[in-house]
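Colleague: Here you go, this is model.txt (compact mmCIF, C-alpha atoms).
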# COMPACT_ATOMS: atom_id res chain seq x y z
CA MET A 1 89.04 75.72 97.24
CA THR A 2 87.81 76.18 100.80
CA ASN A 3 87.28 79.28 102.93
CA THR A 4 88.29 77.42 106.09
CA VAL A 5 92.03 77.54 106.60
CA SER A 6 94.33 76.73 109.50
CA PRO A 7 96.68 79.39 110.90
CA ASN A 8 100.44 78.96 110.68
CA GLY A 9 100.40 76.53 107.81
CA GLY A 10 97.88 74.83 105.57
CA LYS A 11 96.20 76.39 102.57
CA MET A 12 94.57 79.75 101.90
CA ARG A 13 93.00 81.82 99.14
CA ALA A 14 95.10 84.49 97.44
CA ALA A 15 94.26 86.96 94.69
CA LYS A 16 97.19 87.09 92.29
CA ALA A 17 97.93 89.11 89.18
CA PHE A 18 99.54 86.86 86.57
CA GLY A 19 100.00 89.75 84.15
CA PHE A 20 99.84 93.54 84.17
CA SER A 21 96.14 93.63 83.39
CA LEU A 22 93.02 93.59 85.54
CA ASP A 23 91.83 90.63 83.49
CA GLU A 24 94.88 88.68 84.68
CA ILE A 25 93.83 88.67 88.35
CA ARG A 26 92.72 85.28 89.64
CA VAL A 27 91.95 83.86 93.08
CA VAL A 28 94.03 80.73 93.62
CA GLU A 29 94.90 78.33 96.43
CA ASP A 30 98.28 78.98 98.03
CA ASP A 31 100.30 77.89 101.06
CA ALA A 32 99.47 79.89 104.18
CA PRO A 33 102.50 81.69 105.69
CA VAL A 34 104.02 80.89 109.09
CA ALA A 35 104.94 83.45 111.75
CA GLY A 36 108.66 83.44 112.48
CA PRO A 37 110.57 85.11 115.33
CA GLY A 38 109.37 88.66 115.91
CA GLN A 39 106.45 88.23 113.51
CA ILE A 40 102.67 88.01 113.75
CA LEU A 41 100.32 85.97 111.60
CA VAL A 42 97.22 87.99 110.72
CA LYS A 43 93.93 86.56 109.49
CA VAL A 44 92.87 89.25 107.01
CA LYS A 45 89.24 90.24 107.58
CA ALA A 46 88.98 93.14 105.13
CA ALA A 47 91.14 95.09 102.68
CA THR A 48 90.65 98.32 100.76
CA LEU A 49 91.94 99.50 97.39
CA ASN A 50 94.05 102.54 96.57
CA TYR A 51 94.84 104.25 93.29
CA ARG A 52 98.45 103.16 93.80
CA ASP A 53 97.32 99.52 93.59
CA LEU A 54 95.71 100.24 90.24
CA ALA A 55 98.90 101.93 89.02
CA VAL A 56 100.98 98.93 90.14
CA LEU A 57 98.70 96.58 88.20
CA THR A 58 99.34 98.51 84.97
CA GLY A 59 103.05 97.67 85.17
CA THR A 60 104.10 101.32 84.80
CA TYR A 61 104.32 102.48 88.42
CA ILE A 62 107.06 100.03 89.47
CA PRO A 63 108.38 98.52 86.22
CA GLY A 64 109.92 95.07 86.38
CA LEU A 65 107.91 93.67 89.28
CA PRO A 66 108.07 89.88 89.28
CA LEU A 67 104.84 88.01 88.57
CA PRO A 68 102.56 86.71 89.88
CA LEU A 69 101.98 89.35 92.55
CA VAL A 70 99.42 89.73 95.32
CA PRO A 71 98.04 93.30 95.07
CA ALA A 72 96.91 95.89 97.63
CA SER A 73 98.47 97.28 100.79
CA ASP A 74 95.67 98.17 103.21
CA ALA A 75 94.04 95.61 105.48
CA CYS A 76 92.73 94.88 108.94
CA GLY A 77 92.67 91.50 110.58
CA GLU A 78 93.07 89.43 113.70
CA VAL A 79 96.32 88.11 115.12
CA VAL A 80 96.01 84.32 115.09
CA ALA A 81 99.61 83.38 115.92
CA THR A 82 102.75 85.08 117.21
CA GLY A 83 106.36 84.21 116.68
CA GLU A 84 109.05 83.91 119.30
CA GLY A 85 109.84 87.15 121.15
CA VAL A 86 106.62 89.00 120.27
CA SER A 87 105.22 91.11 123.11
CA ARG A 88 103.63 93.99 121.18
CA PHE A 89 100.51 91.96 120.28
CA LYS A 90 98.69 88.88 121.50
CA VAL A 91 96.43 86.37 119.75
CA GLY A 92 93.01 87.94 119.23
CA ASP A 93 94.19 91.53 118.79
CA ARG A 94 92.82 93.48 115.81
CA VAL A 95 95.65 95.05 113.83
CA THR A 96 96.45 96.96 110.65
CA PRO A 97 99.90 96.52 109.09
CA ILE A 98 101.71 99.76 108.26
CA TYR A 99 102.27 100.48 104.58
CA THR A 100 106.01 101.32 104.78
CA GLN A 101 107.46 98.48 106.80
CA GLY A 102 110.21 99.61 109.17
CA TRP A 103 109.25 103.32 109.18
CA HIS A 104 108.50 103.92 112.83
CA ASP A 105 109.20 107.64 113.28
CA GLY A 106 110.98 110.61 111.71
CA ARG A 107 111.79 110.25 108.02
CA PRO A 108 111.91 106.94 106.16
CA THR A 109 115.14 105.71 104.65
CA PRO A 110 115.44 105.49 100.85
CA GLU A 111 115.62 101.69 101.22
CA GLN A 112 112.34 101.60 103.16
CA ARG A 113 110.56 103.77 100.59
CA ALA A 114 111.91 101.80 97.63
CA LYS A 115 111.82 98.23 98.92
CA ARG A 116 109.69 97.97 102.06
CA THR A 117 106.19 98.98 100.96
CA ILE A 118 103.32 96.47 101.12
CA GLY A 119 101.54 95.74 97.85
CA ALA A 120 104.71 96.27 95.77
CA PRO A 121 107.47 95.45 95.92
CA LEU A 122 106.50 93.49 99.08
CA GLY A 123 103.60 91.06 98.75
CA GLY A 124 100.10 92.46 99.16
CA VAL A 125 97.19 91.75 101.47
CA LEU A 126 94.53 90.23 99.20
CA GLN A 127 94.88 86.80 100.76
CA ASP A 128 93.49 85.01 103.81
CA PHE A 129 96.66 85.35 105.90
CA VAL A 130 99.65 87.69 105.95
CA VAL A 131 102.78 87.71 108.08
CA VAL A 132 104.36 91.01 109.17
CA PRO A 133 106.91 91.98 111.82
CA ALA A 134 105.12 92.82 115.06
CA GLU A 135 106.91 96.17 115.05
CA ASP A 136 105.30 97.03 111.71
CA ALA A 137 101.63 96.94 112.69
CA VAL A 138 99.33 99.01 114.90
CA HIS A 139 96.21 98.28 116.92
CA ALA A 140 93.00 99.00 115.00
CA PRO A 141 90.84 101.79 116.47
CA SER A 142 88.21 100.28 118.78
CA ASN A 143 85.39 102.34 117.25
CA LEU A 144 85.86 100.99 113.73
CA THR A 145 84.77 97.82 111.97
CA ASP A 146 87.37 95.68 110.21
CA ALA A 147 86.51 97.23 106.84
CA GLU A 148 86.64 100.75 108.28
CA ALA A 149 90.03 100.10 109.90
CA ALA A 150 91.26 98.69 106.58
CA CYS A 151 90.75 102.16 105.08
CA LEU A 152 93.46 103.71 107.24
CA PRO A 153 97.02 102.65 106.27
CA ILE A 154 97.38 104.74 103.09
CA ALA A 155 94.33 106.98 102.55
CA ALA A 156 93.78 108.15 106.11
CA LEU A 157 97.44 108.44 107.07
CA THR A 158 98.27 110.30 103.86
CA ALA A 159 95.51 112.81 104.64
CA TRP A 160 96.74 113.13 108.23
CA SER A 161 100.32 113.73 107.08
CA ALA A 162 99.24 116.22 104.42
CA LEU A 163 97.31 118.34 106.93
CA SER A 164 100.28 118.18 109.30
CA ALA A 165 102.59 119.47 106.55
CA GLY A 166 100.97 122.91 106.54
CA PRO A 167 100.72 122.74 109.43
CA MET A 168 96.97 123.34 109.33
CA LYS A 169 95.34 125.19 112.22
CA ALA A 170 91.83 126.19 113.22
CA GLY A 171 90.48 128.91 110.94
CA ASP A 172 92.61 127.91 107.94
CA THR A 173 91.07 127.12 104.56
CA VAL A 174 91.89 123.71 103.10
CA LEU A 175 91.32 122.85 99.43
CA LEU A 176 90.65 119.21 98.56
CA GLN A 177 90.50 117.63 95.12
CA GLY A 178 87.92 114.95 94.40
CA THR A 179 86.01 112.64 96.71
CA GLY A 180 88.30 109.62 96.97
CA GLY A 181 89.57 108.18 100.22
CA VAL A 182 92.36 110.71 100.87
CA SER A 183 90.16 113.74 100.23
CA LEU A 184 87.28 112.52 102.40
CA PHE A 185 89.61 111.68 105.28
CA ALA A 186 91.24 115.10 104.91
CA LEU A 187 87.76 116.64 105.00
CA GLN A 188 86.90 114.87 108.25
CA PHE A 189 90.26 115.64 109.89
CA ALA A 190 90.16 119.29 108.80
CA LYS A 191 86.66 119.83 110.19
CA MET A 192 87.68 118.06 113.41
CA SER A 193 90.44 120.68 113.75
CA GLY A 194 88.25 123.71 113.04
CA ALA A 195 89.32 124.44 109.46
CA ARG A 196 87.19 125.62 106.53
CA VAL A 197 87.03 123.16 103.62
CA VAL A 198 86.64 123.82 99.90
CA ILE A 199 86.27 120.65 97.82
CA LEU A 200 86.37 119.96 94.07
CA SER A 201 84.44 117.32 92.14
CA SER A 202 83.07 116.76 88.66
CA SER A 203 79.75 115.68 90.19
CA ASP A 204 77.23 118.01 91.84
CA GLU A 205 75.77 114.98 93.62
CA LYS A 206 79.17 114.16 95.15
CA LEU A 207 79.62 117.78 96.17
CA GLU A 208 76.33 117.65 98.05
CA ARG A 209 77.43 114.46 99.81
CA ALA A 210 80.72 116.13 100.73
CA LYS A 211 78.82 119.09 102.16
CA ALA A 212 76.79 116.65 104.27
CA LEU A 213 80.14 115.51 105.73
CA GLY A 214 81.04 119.11 106.59
CA ALA A 215 82.53 120.70 103.46
CA ASP A 216 81.84 124.43 103.40
CA VAL A 217 82.19 125.09 99.66
CA GLY A 218 81.84 122.77 96.69
CA ILE A 219 83.17 123.59 93.21
CA ASN A 220 82.40 121.55 90.10
CA TYR A 221 85.63 121.58 88.12
CA LYS A 222 83.87 120.40 84.95
CA THR A 223 81.50 123.33 84.81
CA THR A 224 84.18 125.62 86.29
CA PRO A 225 87.43 124.57 84.55
CA GLU A 226 89.30 127.62 85.89
CA TRP A 227 88.49 126.54 89.42
CA SER A 228 91.39 128.43 90.96
CA MET A 229 89.47 131.64 90.37
CA ALA A 230 86.44 130.16 92.13
CA VAL A 231 88.64 129.18 95.08
CA LYS A 232 90.00 132.73 95.31
CA ALA A 233 86.45 134.10 95.15
CA ALA A 234 85.31 131.73 97.90
CA THR A 235 88.17 132.93 100.13
CA ASP A 236 87.77 136.69 99.50
CA GLY A 237 90.87 136.66 97.31
CA ARG A 238 93.14 135.13 99.95
CA GLY A 239 93.38 131.61 98.57
CA ALA A 240 93.65 128.29 100.37
CA ASP A 241 96.18 127.99 103.18
CA LEU A 242 96.69 124.30 102.45
CA ILE A 243 95.95 122.38 99.26
CA VAL A 244 95.94 118.58 99.21
CA GLU A 245 97.01 117.86 95.64
CA THR A 246 95.73 114.44 94.57
CA ILE A 247 95.44 115.10 90.82
CA GLY A 248 99.12 115.84 90.10
CA SER A 249 98.72 117.51 86.71
CA SER A 250 96.64 120.29 88.28
CA LEU A 251 99.61 121.74 90.17
CA PRO A 252 99.68 124.99 88.11
CA GLU A 253 96.01 125.60 88.94
CA SER A 254 96.64 124.82 92.62
CA LEU A 255 99.54 127.26 92.72
CA SER A 256 97.22 129.92 91.33
CA CYS A 257 94.94 129.73 94.37
CA VAL A 258 97.24 128.95 97.30
CA SER A 259 97.56 131.72 99.86
CA PHE A 260 100.71 133.77 100.43
CA GLY A 261 103.07 131.51 102.37
CA GLY A 262 100.66 128.58 101.95
CA THR A 263 101.42 124.90 101.36
CA VAL A 264 100.59 122.52 98.53
CA ALA A 265 100.88 118.95 99.82
CA VAL A 266 101.37 116.67 96.82
CA VAL A 267 100.00 113.22 97.56
CA GLY A 268 98.80 111.75 94.26
CA PHE A 269 98.93 111.55 90.49
CA VAL A 270 95.49 110.34 89.39
CA ALA A 271 95.70 112.44 86.20
CA GLY A 272 99.34 111.71 85.36
CA TYR A 273 102.93 111.96 86.55
CA GLU A 274 104.03 115.12 84.72
CA THR A 275 103.04 118.78 84.54
CA LYS A 276 104.57 122.18 83.68
CA LEU A 277 105.20 124.74 86.40
CA ASN A 278 105.82 128.46 86.37
CA VAL A 279 108.58 128.92 88.95
CA ARG A 280 107.30 132.43 89.74
CA GLN A 281 104.20 130.83 91.25
CA LEU A 282 106.48 129.40 93.93
CA ILE A 283 108.89 132.27 94.50
CA GLY A 284 106.62 135.32 94.59
CA PRO A 285 104.01 134.07 97.08
CA MET A 286 106.65 132.09 99.04
CA VAL A 287 104.74 128.85 98.57
CA ARG A 288 105.82 125.56 100.10
CA LEU A 289 105.51 122.51 97.83
CA GLN A 290 105.67 119.38 99.99
CA GLY A 291 105.65 115.78 98.80
CA ILE A 292 103.76 113.37 101.08
CA ALA A 293 104.75 109.70 101.29
CA VAL A 294 101.94 108.34 103.53
CA GLY A 295 103.42 108.39 107.08
CA SER A 296 105.22 106.63 109.91
CA ARG A 297 103.99 104.20 112.56
CA ARG A 298 104.04 106.98 115.12
CA GLY A 299 101.87 109.15 112.87
CA PHE A 300 99.52 106.19 112.40
CA GLU A 301 99.15 105.74 116.15
CA ASP A 302 98.62 109.49 116.71
CA MET A 303 95.93 109.47 114.02
CA ASN A 304 94.19 106.42 115.49
CA ARG A 305 93.88 108.14 118.85
CA ALA A 306 92.23 111.12 117.15
CA ILE A 307 89.89 108.82 115.22
CA GLU A 308 88.77 107.16 118.44
CA LEU A 309 88.39 110.43 120.35
CA ALA A 310 86.39 112.16 117.59
CA ASN A 311 84.61 108.91 116.57
CA ILE A 312 85.49 109.49 112.93
CA LYS A 313 84.00 106.91 110.57
CA PRO A 314 85.62 106.24 107.19
CA VAL A 315 83.38 106.60 104.13
CA ILE A 316 83.08 103.29 102.29
CA ASP A 317 81.52 103.33 98.83
CA SER A 318 81.10 99.61 98.19
CA PHE A 319 82.06 96.09 99.23
CA TYR A 320 83.29 93.21 97.07
CA PRO A 321 84.10 89.56 97.92
CA LEU A 322 87.66 88.44 97.28
CA GLU A 323 86.54 86.45 94.24
CA ASP A 324 85.32 89.66 92.57
CA VAL A 325 88.38 91.79 93.30
CA ALA A 326 89.11 92.31 89.59
CA GLU A 327 85.67 93.89 89.24
CA ALA A 328 86.44 96.08 92.26
CA PHE A 329 89.55 97.40 90.51
CA LYS A 330 87.59 98.01 87.30
CA TYR A 331 85.03 99.97 89.29
CA MET A 332 87.83 102.05 90.82
CA LYS A 333 89.25 102.73 87.36
CA LYS A 334 85.90 104.29 86.30
CA GLY A 335 86.34 106.91 89.04
CA SER A 336 82.68 107.03 90.02
CA HIS A 337 83.15 105.94 93.63
CA PHE A 338 82.66 108.17 96.68
CA GLY A 339 85.06 107.09 99.41
CA LYS A 340 86.83 103.74 99.72
CA ILE A 341 86.28 100.44 97.94
CA ALA A 342 86.48 97.51 100.34
CA VAL A 343 87.11 93.79 99.86
CA ASN A 344 85.65 91.38 102.42
CA LEU A 345 87.63 88.26 103.18
Kindly return the structure encoded in the file as structure tokens.

Modeller:
Amino acid sequence: MTNTVSPNGGKMRAAKAFGFSLDEIRVVEDDAPVAGPGQILVKVKAATLNYRDLAVLTGTYIPGLPLPLVPASDACGEVVATGEGVSRFKVGDRVTPIYTQGWHDGRPTPEQRAKRTIGAPLGGVLQDFVVVPAEDAVHAPSNLTDAEAACLPIAALTAWSALSAGPMKAGDTVLLQGTGGVSLFALQFAKMSGARVVILSSSDEKLERAKALGADVGINYKTTPEWSMAVKAATDGRGADLIVETIGSSLPESLSCVSFGGTVAVVGFVAGYETKLNVRQLIGPMVRLQGIAVGSRRGFEDMNRAIELANIKPVIDSFYPLEDVAEAFKYMKKGSHFGKIAVNL
């Protein structure tokens, strides 16, 4: 297999899962795609992994996916060919495909959310070339490297959308759970907007690193299992105005420390899909529980302008070559990373 491939045809490398197991991922030679009318051919320079990708590879998140499948949804690359009628991009532009293809503004359609997401059920980005409609990609921020821009499509945009759901304003307190990609982006965006940030982690070392990025309060949820009380104490009893819920099963604890009229933006399920709720936690304090499904192309472009203006740099934990992508997923599964895990192509 060779690393040198020709655009719009020829051969390329592709990481494919031949079974619902991390040990079933192999890098194989495949036919390179061709850009059709309205499409762009992108030479993938870097990709990053999300917890969703790991869930897809277990076979439980979207049951019945046909195999083999190319995993992962987030990438940055260079346009190397354009199809007929494309004016949005030119050859040489650096782009990032949007996660929900076709969602340009407003709310997505059920069909877009169910069938038009990259990395499942659409093919993923862990291959040398991908083809996407020109309307379903955005220019990469000029201040970011390829790997940094590859962090944006899910993690950054989810954080951006979650903070917008509040909506968060200067002086608010934001509670973040863990130190994965979404939480660290939310930390950076919240501080950019003048908010106070409380962050949870099971590692004191990670809490110190989060404070170096601007977090105001760090709480170790292992040594403080009833962390909602610690959040209330850190906010003089008021609670957090906005909570970015990435754990899922911790919703009851989050509802115990959200402020009156506050918002819990539910973005993830790293600890499971189900939990029990006390409805009075919603009714009495007039809490808003908002599901977040990443974001639209317009939101992506708004966010990229803010990233350039504030010179925000994504936090990348580690880099892996494409051939070691199975090891990258195993590392993610351990949960010891701080920030994003990147794959260099």

Colleague: Tell me, as a PyMOL selection string, which residues lie within 10 Å of range 55-59 of chain A, counting only C-alpha atoms; anything in the same chain fewer than 2 positions away does not count.

Modeller: chain A and resi 17-22+24-25+50-53+61-65+69-72+119-121+269-270+329+333

Colleague: Between A:Gly171, A:Pro321, A:Gly178, A:Gly239, which one has atoms that come closest to Lys222 in chain A, using only C-alpha atoms?

Modeller: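 When distances to Lys222 in chain A are compared using only C-alpha atoms, the smallest one comes from A:Gly178.
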
Colleague: Would you compute, for all listed atoms of range 80-90 of chain A, the axis-aligned bounding box grown by 5 Å on each side, and then report its centre and edge lengths in Å rounded to one decimal, as JSON?

Modeller:
{"center_x": 102.9, "center_y": 88.7, "center_z": 119.1, "size_x": 23.8, "size_y": 20.6, "size_z": 18.0}

Colleague: Would you list the contacts of Pro225 in chain A as an mmCIF file with C-alpha atoms, in the frame of the given file, taking every protein, DNA or RNA residue within 12 Å and counting only C-alpha atoms, but skipping same-chain residues closer than 3 positions in sequence?

Modeller:
data_model
loop_
_atom_site.group_PDB
_atom_site.id
_atom_site.type_symbol
_atom_site.label_atom_id
_atom_site.label_comp_id
_atom_site.auth_asym_id
_atom_site.auth_seq_id
_atom_site.Cartn_x
_atom_site.Cartn_y
_atom_site.Cartn_z
ATOM 1 C CA LEU A 200 86.370 119.960 94.070
ATOM 2 C CA SER A 201 84.440 117.320 92.140
ATOM 3 C CA SER A 202 83.070 116.760 88.660
ATOM 4 C CA ILE A 219 83.170 123.590 93.210
ATOM 5 C CA ASN A 220 82.400 121.550 90.100
ATOM 6 C CA TYR A 221 85.630 121.580 88.120
ATOM 7 C CA LYS A 222 83.870 120.400 84.950
ATOM 8 C CA SER A 228 91.390 128.430 90.960
ATOM 9 C CA MET A 229 89.470 131.640 90.370
ATOM 10 C CA ALA A 230 86.440 130.160 92.130
ATOM 11 C CA VAL A 231 88.640 129.180 95.080
ATOM 12 C CA SER A 250 96.640 120.290 88.280
ATOM 13 C CA GLU A 253 96.010 125.600 88.940
#

Colleague: Between A:Arg280, A:Arg298, A:Lys191, A:Arg113, which is the closest to Thr100 in chain A once you count all atoms listed in the file?

Modeller: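 So, comparing all the options, the nearest one is A:Arg113.
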
Colleague: Quick one: residues within 8 Å of Val131 in chain A, all atoms listed in the file counted, chain neighbours fewer than 2 positions away excluded, as a list in words?

Modeller: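 The contact residues come out as Pro33, Val34, Ala35, Gln39, Ile40, Leu41, Val42, Phe129 and Pro133 of chain A.
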
Colleague: How far is it from CA of Gly218 in chain A to CA of Leu184 in chain A, in Å with one decimal?

Modeller: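 Between these atoms lies a distance of 12.9 Å.
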
Colleague: May I ask for the distance between CA of Asp236 in chain A and CA of Ser249 in chain A, given in Å to one decimal place?

Modeller: 25.5 Å

Colleague: Between CA of Arg116 in chain A and CA of Asp317 in chain A, what is the spacing in Å?

Modeller: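 Separation of CA of Asp317 in chain A and CA of Arg116 in chain A: 28.9 Å.
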
Colleague: Which neighbours of Arg209 in chain A fall inside 10 Å, counting all atoms listed in the file, when residues of the same chain fewer than 6 positions from it are skipped, and could you give them as a ChimeraX atom specification?

Modeller: /A:179,203,215,218,338

Colleague: Residues at most 12 Å from Phe319 in chain A, counting all atoms listed in the file, excluding those fewer than 6 positions away in the same chain, as a list in words?

Modeller: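 Within the cut-off, the hits are Ala46, Ala47, Thr48, Leu49, Ala147, Glu148, Val325, Glu327, Ala328, Phe329, Tyr331, Met332, His337, Gly339, Lys340, Ile341, Ala342, Val343, Asn344 and Leu345 of chain A.
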
Colleague: Would you please work out which residue, of A:Gln127, A:Ile98, A:Ser256, A:Glu78, is nearest to Ala32 in chain A when using all atoms listed in the file?

Modeller: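 Smallest distance to Ala32 in chain A is found for A:Gln127.
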
Colleague: Of the residues A:Ala190, A:Gly295, A:Ala75, A:Val91, which is the one nearest to Asp128 in chain A, using all atoms listed in the file?

Modeller: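 Selected residue with least distance to Asp128 in chain A: A:Ala75.
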
Colleague: Counting only C-alpha atoms, find residues at most 9 Å from (95.2, 131.9, 104.3) (file frame) and give them as number ranges by chain.

Modeller: A: 171-174, 235, 238-242, 258-262

Colleague: From the list A:Thr246, A:Thr96, A:Thr224, A:Thr82, which residue is nearest Leu152 in chain A when using all atoms listed in the file?

Modeller: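 Result for the nearest residue to Leu152 in chain A: A:Thr96.
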
Colleague: May I ask which of the residues A:Gln290, A:Arg26, A:Ser296, A:Ser73 is the closest one to Leu54 in chain A, counting only C-alpha atoms?

Modeller: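 The shortest atom-to-atom distance to Leu54 in chain A comes from A:Ser73.
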